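Data block for protein.txt (compact mmCIF, C-alpha atoms):
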# COMPACT_ATOMS: atom_id res chain seq x y z
CA VAL C 1 -60.93 -1.77 -4.42
CA PRO C 2 -63.53 -0.73 -7.03
CA ALA C 3 -62.32 2.23 -9.10
CA GLN C 4 -63.01 3.67 -12.54
CA PHE C 5 -59.33 4.25 -13.22
CA ALA C 6 -55.96 4.37 -11.46
CA THR C 7 -52.63 5.88 -12.43
CA PHE C 8 -49.33 4.56 -11.05
CA ARG C 9 -45.73 5.13 -11.93
CA ILE C 10 -43.75 2.15 -13.17
CA PRO C 11 -42.18 0.51 -10.09
CA ASP C 12 -38.88 -1.29 -9.95
CA ARG C 13 -40.24 -3.76 -7.38
CA ILE C 14 -43.57 -4.58 -5.74
CA PHE C 15 -43.73 -5.64 -2.09
CA SER C 16 -46.84 -6.73 -0.23
CA ARG C 17 -47.46 -7.51 3.42
CA VAL C 18 -51.12 -8.53 3.48
CA SER C 19 -51.38 -12.03 4.91
CA ASN C 20 -52.26 -13.07 8.44
CA ARG C 21 -50.66 -16.40 9.19
CA ASP C 22 -48.04 -18.12 11.29
CA CYS C 23 -45.27 -20.46 10.15
CA ILE C 24 -45.08 -23.90 11.72
CA GLU C 25 -41.90 -24.80 9.82
CA SER C 26 -39.88 -21.98 11.41
CA ASN C 27 -41.88 -21.94 14.68
CA SER C 28 -42.88 -18.31 14.02
CA SER C 29 -46.03 -16.71 15.34
CA THR C 30 -48.26 -14.37 13.32
CA PHE C 31 -46.50 -11.33 14.75
CA MET C 32 -43.06 -12.84 14.10
CA VAL C 33 -43.99 -13.46 10.45
CA GLU C 34 -45.16 -9.85 10.21
CA MET C 35 -41.84 -8.55 11.49
CA GLN C 36 -39.80 -10.90 9.27
CA GLU C 37 -41.62 -9.84 6.10
CA THR C 38 -41.49 -6.15 7.03
CA SER C 39 -37.77 -6.45 7.71
CA PHE C 40 -37.31 -7.95 4.23
CA ILE C 41 -39.18 -5.01 2.68
CA LEU C 42 -37.07 -2.44 4.53
CA ALA C 43 -33.87 -4.15 3.42
CA ASN C 44 -34.78 -4.47 -0.28
CA LEU C 45 -37.00 -1.55 -1.27
CA GLY C 46 -35.87 0.68 -4.11
CA PRO C 47 -36.39 4.34 -5.01
CA THR C 48 -39.48 3.60 -7.14
CA SER C 49 -40.83 0.55 -5.33
CA LEU C 50 -44.53 -0.02 -4.71
CA ILE C 51 -45.25 -1.23 -1.15
CA ILE C 52 -48.64 -2.50 0.01
CA ILE C 53 -49.04 -3.17 3.74
CA ASP C 54 -52.27 -4.30 5.41
CA GLU C 55 -52.84 -4.06 9.17
CA LEU C 56 -49.23 -3.87 10.28
CA GLY C 57 -48.87 -4.68 13.98
CA ARG C 58 -52.19 -6.45 14.44
CA GLY C 59 -50.42 -9.55 15.77
CA THR C 60 -49.85 -7.87 19.16
CA SER C 61 -51.61 -5.42 21.47
CA VAL C 62 -53.01 -2.11 20.22
CA GLU C 63 -50.40 -0.07 22.08
CA GLU C 64 -47.42 -2.09 20.88
CA GLY C 65 -48.84 -2.56 17.38
CA THR C 66 -49.39 1.17 16.94
CA SER C 67 -45.89 1.96 18.19
CA ILE C 68 -44.21 -0.51 15.84
CA CYS C 69 -46.38 0.54 12.89
CA TRP C 70 -45.55 4.22 13.49
CA ALA C 71 -41.79 3.58 13.70
CA ILE C 72 -41.80 1.48 10.52
CA CYS C 73 -43.80 4.11 8.64
CA GLU C 74 -41.31 6.80 9.66
CA LYS C 75 -38.54 4.61 8.25
CA LEU C 76 -40.46 4.06 5.00
CA LEU C 77 -41.07 7.82 4.67
CA GLN C 78 -37.32 8.35 4.45
CA SER C 79 -37.39 6.61 1.05
CA SER C 80 -39.06 7.70 -2.19
CA ALA C 81 -41.13 4.52 -2.49
CA TYR C 82 -44.89 4.66 -3.06
CA ILE C 83 -46.69 3.11 -0.08
CA PHE C 84 -50.24 1.97 0.62
CA LEU C 85 -50.93 1.30 4.31
CA ALA C 86 -54.31 0.03 5.50
CA THR C 87 -54.86 0.11 9.26
CA HIS C 88 -57.49 0.28 11.99
CA PHE C 89 -55.16 2.21 14.31
CA LEU C 90 -56.69 5.70 14.44
CA GLN C 91 -53.46 7.07 15.92
CA MET C 92 -51.72 6.46 12.61
CA THR C 93 -53.78 9.20 10.94
CA CYS C 94 -51.77 11.76 12.93
CA LEU C 95 -48.77 11.04 10.67
CA ALA C 96 -50.35 13.36 8.09
CA ASP C 97 -50.04 16.24 10.59
CA LEU C 98 -46.30 15.69 10.87
CA HIS C 99 -45.25 14.57 7.38
CA PRO C 100 -46.33 16.47 4.24
CA CYS C 101 -45.99 13.36 2.07
CA VAL C 102 -48.69 11.47 4.00
CA SER C 103 -52.31 11.55 2.87
CA ASN C 104 -55.24 10.06 4.78
CA HIS C 105 -58.18 8.34 3.09
CA HIS C 106 -61.08 6.32 4.44
CA PHE C 107 -64.04 4.36 3.14
CA MET C 108 -67.41 5.89 3.92
CA ALA C 109 -70.07 3.96 5.82
CA LYS C 110 -73.53 4.82 7.10
CA THR C 111 -75.76 3.38 9.78
CA VAL C 112 -79.30 2.36 8.84
CA SER C 113 -81.62 0.70 11.37
CA ASP C 114 -78.78 -0.18 13.74
CA HIS C 115 -76.86 -1.81 10.92
CA VAL C 116 -73.82 -0.52 9.05
CA GLU C 117 -73.96 -0.17 5.29
CA TYR C 118 -70.62 -0.06 3.49
CA THR C 119 -70.65 2.25 0.49
CA HIS C 120 -67.17 1.31 -0.82
CA GLN C 121 -66.65 5.00 -1.57
CA LEU C 122 -63.19 6.36 -0.84
CA ALA C 123 -63.06 9.79 0.78
CA GLN C 124 -60.05 11.94 1.56
CA GLY C 125 -59.15 12.87 5.13
CA LYS C 126 -59.47 11.28 8.54
CA PRO C 127 -62.57 9.21 9.30
CA PRO C 128 -65.20 11.15 11.28
CA PRO C 129 -65.67 10.32 14.98
CA SER C 130 -67.98 7.34 15.37
CA THR C 131 -69.33 5.16 18.14
CA THR C 132 -70.21 2.33 15.75
CA HIS C 133 -68.69 -1.06 16.52
CA TYR C 134 -68.00 -2.41 13.05
CA GLY C 135 -66.74 -5.75 14.32
CA LEU C 136 -69.83 -6.38 16.45
CA ASP C 137 -72.06 -5.34 13.59
CA LEU C 138 -70.33 -7.77 11.27
CA ALA C 139 -70.57 -10.53 13.87
CA SER C 140 -74.33 -9.96 14.13
CA ARG C 141 -74.67 -10.74 10.41
CA THR C 142 -73.05 -14.14 10.76
CA SER C 143 -74.46 -17.35 12.21
CA LEU C 144 -73.37 -16.45 15.74
CA PRO C 145 -76.22 -16.73 18.28
CA THR C 146 -77.97 -13.42 18.90
CA ARG C 147 -77.53 -13.74 22.67
CA LEU C 148 -73.75 -13.95 22.25
CA VAL C 149 -73.65 -10.78 20.15
CA GLU C 150 -75.86 -8.90 22.64
CA ARG C 151 -73.65 -10.07 25.49
CA ALA C 152 -70.59 -8.85 23.59
CA LYS C 153 -72.22 -5.43 23.18
CA GLU C 154 -72.90 -5.23 26.92
CA ILE C 155 -69.28 -6.07 27.73
CA SER C 156 -68.11 -3.50 25.18
CA LYS C 157 -70.10 -0.79 26.97
CA LYS C 158 -68.60 -1.77 30.31
CA ILE C 159 -65.08 -1.69 28.88
CA LYS C 160 -65.71 1.75 27.41
CA GLN C 161 -66.94 2.99 30.80
CA GLY C 162 -63.73 1.75 32.40
CA GLU C 163 -65.40 -0.87 34.57
CA VAL C 164 -63.33 -3.84 35.69
CA TYR C 165 -65.40 -6.87 34.82
CA VAL C 166 -63.64 -9.45 36.98
CA ALA C 167 -65.22 -11.87 39.41
CA LYS C 168 -63.52 -11.91 42.82
CA ARG C 169 -62.94 -15.15 44.71
CA GLU C 170 -61.54 -15.84 48.13
CA PRO C 171 -58.17 -17.68 48.16
CA LEU C 172 -59.67 -20.60 50.09
CA ASP C 173 -62.48 -20.97 47.53
CA THR C 174 -59.89 -21.01 44.75
CA SER C 175 -57.93 -23.77 46.52
CA CYS C 176 -61.08 -25.85 46.97
CA ILE C 177 -62.04 -25.51 43.31
CA GLU C 178 -58.54 -26.48 42.21
CA LEU C 179 -58.68 -29.55 44.48
CA VAL C 180 -61.98 -30.64 42.91
CA MET C 181 -60.51 -30.26 39.42
CA LYS C 182 -57.45 -32.32 40.39
CA LEU C 183 -59.67 -35.06 41.82
CA LYS C 184 -61.68 -35.15 38.57
CA ARG C 185 -58.49 -35.52 36.55
CA LEU C 186 -57.40 -38.26 38.92
CA THR C 187 -60.57 -40.27 38.28
CA ARG C 188 -59.87 -40.17 34.54
CA LEU C 189 -56.46 -41.79 34.97
CA GLY C 190 -58.01 -45.09 35.98
CA LEU C 191 -55.72 -45.64 38.97
CA LYS C 192 -56.64 -48.30 41.48
CA GLY C 193 -55.57 -49.61 44.83
CA LYS C 194 -52.27 -48.41 46.23
CA GLU C 195 -51.51 -46.02 43.35
CA LEU C 196 -54.86 -44.26 43.79
CA ALA C 197 -54.36 -44.01 47.55
CA THR C 198 -50.86 -42.57 47.06
CA GLU C 199 -52.06 -39.87 44.66
CA MET C 200 -54.98 -38.93 46.89
CA GLY C 201 -52.66 -38.69 49.88
CA ARG C 202 -50.35 -36.42 47.89
CA LEU C 203 -53.25 -34.16 46.91
CA ARG C 204 -54.41 -34.07 50.54
CA GLU C 205 -50.98 -33.02 51.81
CA GLN C 206 -50.69 -30.39 49.09
CA PHE C 207 -54.14 -28.98 49.90
CA LEU C 208 -53.42 -28.85 53.64
CA ALA C 209 -50.10 -27.09 53.01
CA GLU C 210 -51.78 -24.46 50.83
CA THR C 211 -54.62 -23.83 53.27
CA SER C 212 -52.22 -23.59 56.23
CA LYS C 213 -50.32 -20.87 54.38
CA LEU C 214 -53.59 -19.03 53.80
CA ALA C 215 -54.39 -19.32 57.50
CA GLU C 216 -50.99 -17.85 58.40
CA VAL C 217 -51.54 -14.96 56.01
CA ASN C 218 -55.00 -14.31 57.47
CA GLU C 219 -53.58 -14.36 61.01
CA GLU C 220 -50.87 -11.87 60.02
CA GLU C 221 -53.46 -9.58 58.44
CA ALA C 222 -55.68 -9.83 61.54
CA GLU C 223 -52.72 -9.08 63.82
CA SER C 224 -51.77 -6.09 61.68
CA THR C 225 -55.36 -4.83 61.88
CA ARG C 226 -55.35 -5.23 65.66
CA ARG C 227 -52.06 -3.36 65.96
CA ASN C 228 -53.37 -0.54 63.81
CA ALA C 229 -56.57 -0.34 65.86
CA SER C 230 -54.59 -0.38 69.11
CA GLY C 231 -52.33 2.39 67.86
CA LEU C 232 -55.34 4.43 66.86
CA ASN C 233 -56.93 3.98 70.30
CA ASP C 234 -53.69 5.03 72.02
CA LEU C 235 -53.51 8.10 69.81
CA VAL C 236 -57.11 9.07 70.66
CA GLU C 237 -56.47 8.60 74.37
CA ASP C 238 -53.31 10.75 74.19
CA ARG C 239 -55.20 13.49 72.40
CA LEU C 240 -58.00 13.40 74.98
CA GLU C 241 -55.48 13.53 77.82
CA ASP C 242 -53.73 16.52 76.22
CA THR C 243 -57.07 18.27 75.83
CA ASN C 244 -57.99 17.63 79.46
CA ASN C 245 -54.59 18.92 80.62
CA GLN C 246 -55.04 22.12 78.62
CA GLU C 247 -58.51 22.64 80.10
CA ASP C 248 -57.09 22.12 83.60
CA LYS C 249 -54.33 24.67 82.95
CA VAL C 250 -56.91 27.24 81.87
CA ALA C 251 -59.34 26.52 84.70
CA THR C 252 -56.77 26.48 87.54
CA PRO C 253 -55.89 30.24 87.51
CA VAL C 254 -59.55 31.21 87.44
CA ASN C 255 -60.45 28.89 90.30
CA THR C 256 -57.50 30.16 92.35
CA LEU C 257 -58.52 33.75 91.67
CA VAL C 258 -62.10 33.16 92.82
CA LYS C 259 -60.88 31.44 95.97
CA GLU C 260 -58.47 34.27 96.82
CA MET C 261 -61.19 36.86 96.18
CA LYS C 262 -63.55 35.06 98.55
CA GLU C 263 -60.91 34.89 101.28
CA ALA C 264 -59.69 38.51 100.87
CA THR C 265 -63.11 40.18 100.54
CA PRO C 266 -64.46 41.65 103.81
CA GLU C 267 -68.04 41.05 104.69
CA ASN C 268 -68.89 44.81 104.64
CA THR C 269 -67.52 45.44 101.09
CA PRO C 270 -70.17 47.13 98.96
CA VAL C 271 -71.58 45.03 96.16
CA LYS C 272 -70.64 47.57 93.46
CA GLU C 273 -66.98 47.70 94.53
CA LEU C 274 -66.86 43.91 94.77
CA LYS C 275 -68.26 43.59 91.24
CA GLU C 276 -65.75 46.06 89.78
CA ALA C 277 -62.85 44.33 91.52
CA THR C 278 -64.03 40.96 90.27
CA VAL C 279 -64.24 42.16 86.64
CA LYS C 280 -60.76 43.72 86.88
CA GLU C 281 -59.18 40.59 88.32
CA VAL C 282 -60.88 38.36 85.76
CA LYS C 283 -59.58 40.54 82.90
CA GLU C 284 -56.02 40.35 84.24
CA ALA C 285 -56.35 36.60 84.69
CA SER C 286 -57.62 36.27 81.10
CA ILE C 287 -54.61 38.18 79.80
CA GLU C 288 -52.25 35.92 81.73
CA ILE C 289 -53.98 32.86 80.35
CA GLU C 290 -53.72 34.12 76.75
CA PHE C 291 -50.00 34.83 77.07
Would you mind writing the file's structure down as structure tokens?
Amino acid sequence: VPAQFATFRIPDRIFSRVSNRDCIESNSSTFMVEMQETSFILANLGPTSLIIIDELGRGTSVEEGTSICWAICEKLLQSSAYIFLATHFLQMTCLADLHPCVSNHHFMAKTVSDHVEYTHQLAQGKPPPSTTHYGLDLASRTSLPTRLVERAKEISKKIKQGEVYVAKREPLDTSCIELVMKLKRLTRLGLKGKELATEMGRLREQFLAETSKLAEVNEEEAESTRRNASGLNDLVEDRLEDTNNQEDKVATPVNTLVKEMKEATPENTPVKELKEATVKEVKEASIEIEF
């Protein structure tokens, strides 16, 4: 890091965790090597040690890497060692809000003509919010084809928008493609005669068994759909029948009342009296229907 001067206290030990490699001799992955070296630092640091850690947790996913990095930093903060931690995990900057001994710093950068210019100037505090993709910008400056970089930018936008960018295939199509791939591998083996016929017969039986299972699953799904549709139709018919029954219950008293009025009304009843009687009877019938 370019600097005009730097002042450090005299450390008793210096630890660094800056490499990004695996170990074939011990059959350890990159993440396993990270954890082994970090465990060694935690077990041997002293009160005035100088510890330099670069990108702790990058050997796994962002969620797991951030969690492990946070837990290790909390453990380191319990000591009096002097620690430099470089990370791309923005969540780690929140440690300064919880621990008074933590200080955030970042290197300033500016965007000029859709390209990032690195100033190598260190500034105190959290980095400002940015939508710049530093990795994609750096990839565009290499010998990678331009179309690849542009495609990567398109996919990055889709991921940010939460779109699932997965092609969907039918199970039968997948089985057919796998059969074609197996047949291609079979041609490369150089089998002839009876051996070739045996292998092709085995692939045929395997393919037929897989497709028959798919057919059974499709039949079960179709039967389930038919049952659901039948149940829905029965429910609709029951509701319609209930509605018709309710309408019949309401209409029956009125029809009976009209019939009785016709039978009981003399031919010489004045029209006015007949009208008043009809209105009265209808009101009483309406009250009975409501109750």
So that I can see what lies close to range 97-112 of chain C, please list as a PDB file with C-alpha atoms, in the frame of the given file the residues with an atom at most 7 Å from it, counting all atoms listed in the file and leaving out residues fewer than 4 positions away in the same chain.
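Dumped everything to selection.pdb:
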ATOM      1  CA  THR C  93     -53.780   9.200  10.940  1.00  0.00           C
ATOM      2  CA  VAL C 116     -73.820  -0.520   9.050  1.00  0.00           C
ATOM      3  CA  GLU C 117     -73.960  -0.170   5.290  1.00  0.00           C
ATOM      4  CA  TYR C 118     -70.620  -0.060   3.490  1.00  0.00           C
ATOM      5  CA  THR C 119     -70.650   2.250   0.490  1.00  0.00           C
ATOM      6  CA  HIS C 120     -67.170   1.310  -0.820  1.00  0.00           C
ATOM      7  CA  GLN C 121     -66.650   5.000  -1.570  1.00  0.00           C
ATOM      8  CA  LEU C 122     -63.190   6.360  -0.840  1.00  0.00           C
ATOM      9  CA  ALA C 123     -63.060   9.790   0.780  1.00  0.00           C
ATOM     10  CA  GLN C 124     -60.050  11.940   1.560  1.00  0.00           C
ATOM     11  CA  GLY C 125     -59.150  12.870   5.130  1.00  0.00           C
ATOM     12  CA  LYS C 126     -59.470  11.280   8.540  1.00  0.00           C
ATOM     13  CA  PRO C 127     -62.570   9.210   9.300  1.00  0.00           C
TER      14      PRO C 127
END
Query - Residues within 10 Å of (-47.8, -6.2, -5.5), counting all atoms listed in the file, listed as a list in words - result: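 I get Pro11, Arg13, Ile14, Phe15, Ser16, Arg17, Val18, Ser49, Leu50, Ile51, Ile52 and Ile53 of chain C for the residues within 10 Å of that point.
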Requested in this report: List every protein, DNA or RNA residue that has at least one atom no more than 12 Å from (-56.3, 1.4, 12.9) in the file's coordinates, counting only C-alpha atoms, and write the result as a list in words.
Outcome: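 Selection result: Asp54, Glu55, Leu56, Gly57, Arg58, Ser61, Val62, Glu63, Gly65, Thr66, Ser67, Cys69, Trp70, Leu85, Ala86, Thr87, His88, Phe89, Leu90, Gln91, Met92, Thr93, Cys94, Asn104, His106, Lys126 and Pro127 of chain C.
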Keeping only C-alpha atoms, write those residues as a compact mmCIF listing (two decimals), keeping the file's coordinate frame.
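The resulting file, again_38.txt, is shown below:
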# COMPACT_ATOMS: atom_id res chain seq x y z
CA ASP C 54 -52.27 -4.30 5.41
CA GLU C 55 -52.84 -4.06 9.17
CA LEU C 56 -49.23 -3.87 10.28
CA GLY C 57 -48.87 -4.68 13.98
CA ARG C 58 -52.19 -6.45 14.44
CA SER C 61 -51.61 -5.42 21.47
CA VAL C 62 -53.01 -2.11 20.22
CA GLU C 63 -50.40 -0.07 22.08
CA GLY C 65 -48.84 -2.56 17.38
CA THR C 66 -49.39 1.17 16.94
CA SER C 67 -45.89 1.96 18.19
CA CYS C 69 -46.38 0.54 12.89
CA TRP C 70 -45.55 4.22 13.49
CA LEU C 85 -50.93 1.30 4.31
CA ALA C 86 -54.31 0.03 5.50
CA THR C 87 -54.86 0.11 9.26
CA HIS C 88 -57.49 0.28 11.99
CA PHE C 89 -55.16 2.21 14.31
CA LEU C 90 -56.69 5.70 14.44
CA GLN C 91 -53.46 7.07 15.92
CA MET C 92 -51.72 6.46 12.61
CA THR C 93 -53.78 9.20 10.94
CA CYS C 94 -51.77 11.76 12.93
CA ASN C 104 -55.24 10.06 4.78
CA HIS C 106 -61.08 6.32 4.44
CA LYS C 126 -59.47 11.28 8.54
CA PRO C 127 -62.57 9.21 9.30
Query raised in the report: Could you state the separation of CA of Thr48 in chain C and CA of Ala81 in chain C in Å, given to one decimal place?
Result: 5.0 Å
Requested in this report: Rounded to one decimal place, report the CA of Lys184 in chain C-CA of Ala215 in chain C distance in Å.
Outcome: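 Between these atoms lies a distance of 25.7 Å.
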Requested in this report: For CA of Met200 in chain C and CA of Cys176 in chain C, determine how far apart the two atoms are, in Å to one decimal place.
Outcome: 14.4 Å
Query raised in the report: Hey, what's within 12 Å of Leu179 in chain C if we count only C-alpha atoms and toss same-chain stuff fewer than 2 positions away? As an MDAnalysis selection string, please?
Result: chainID C and resid 172:177 181:186 200 202:208 210:211
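Minimum atom-to-atom distances from C:His115, C:Lys157, C:Ser28, C:Ser39 to Ala139 in chain C were compared using all atoms listed in the file, and the lowest value belongs to C:His115.
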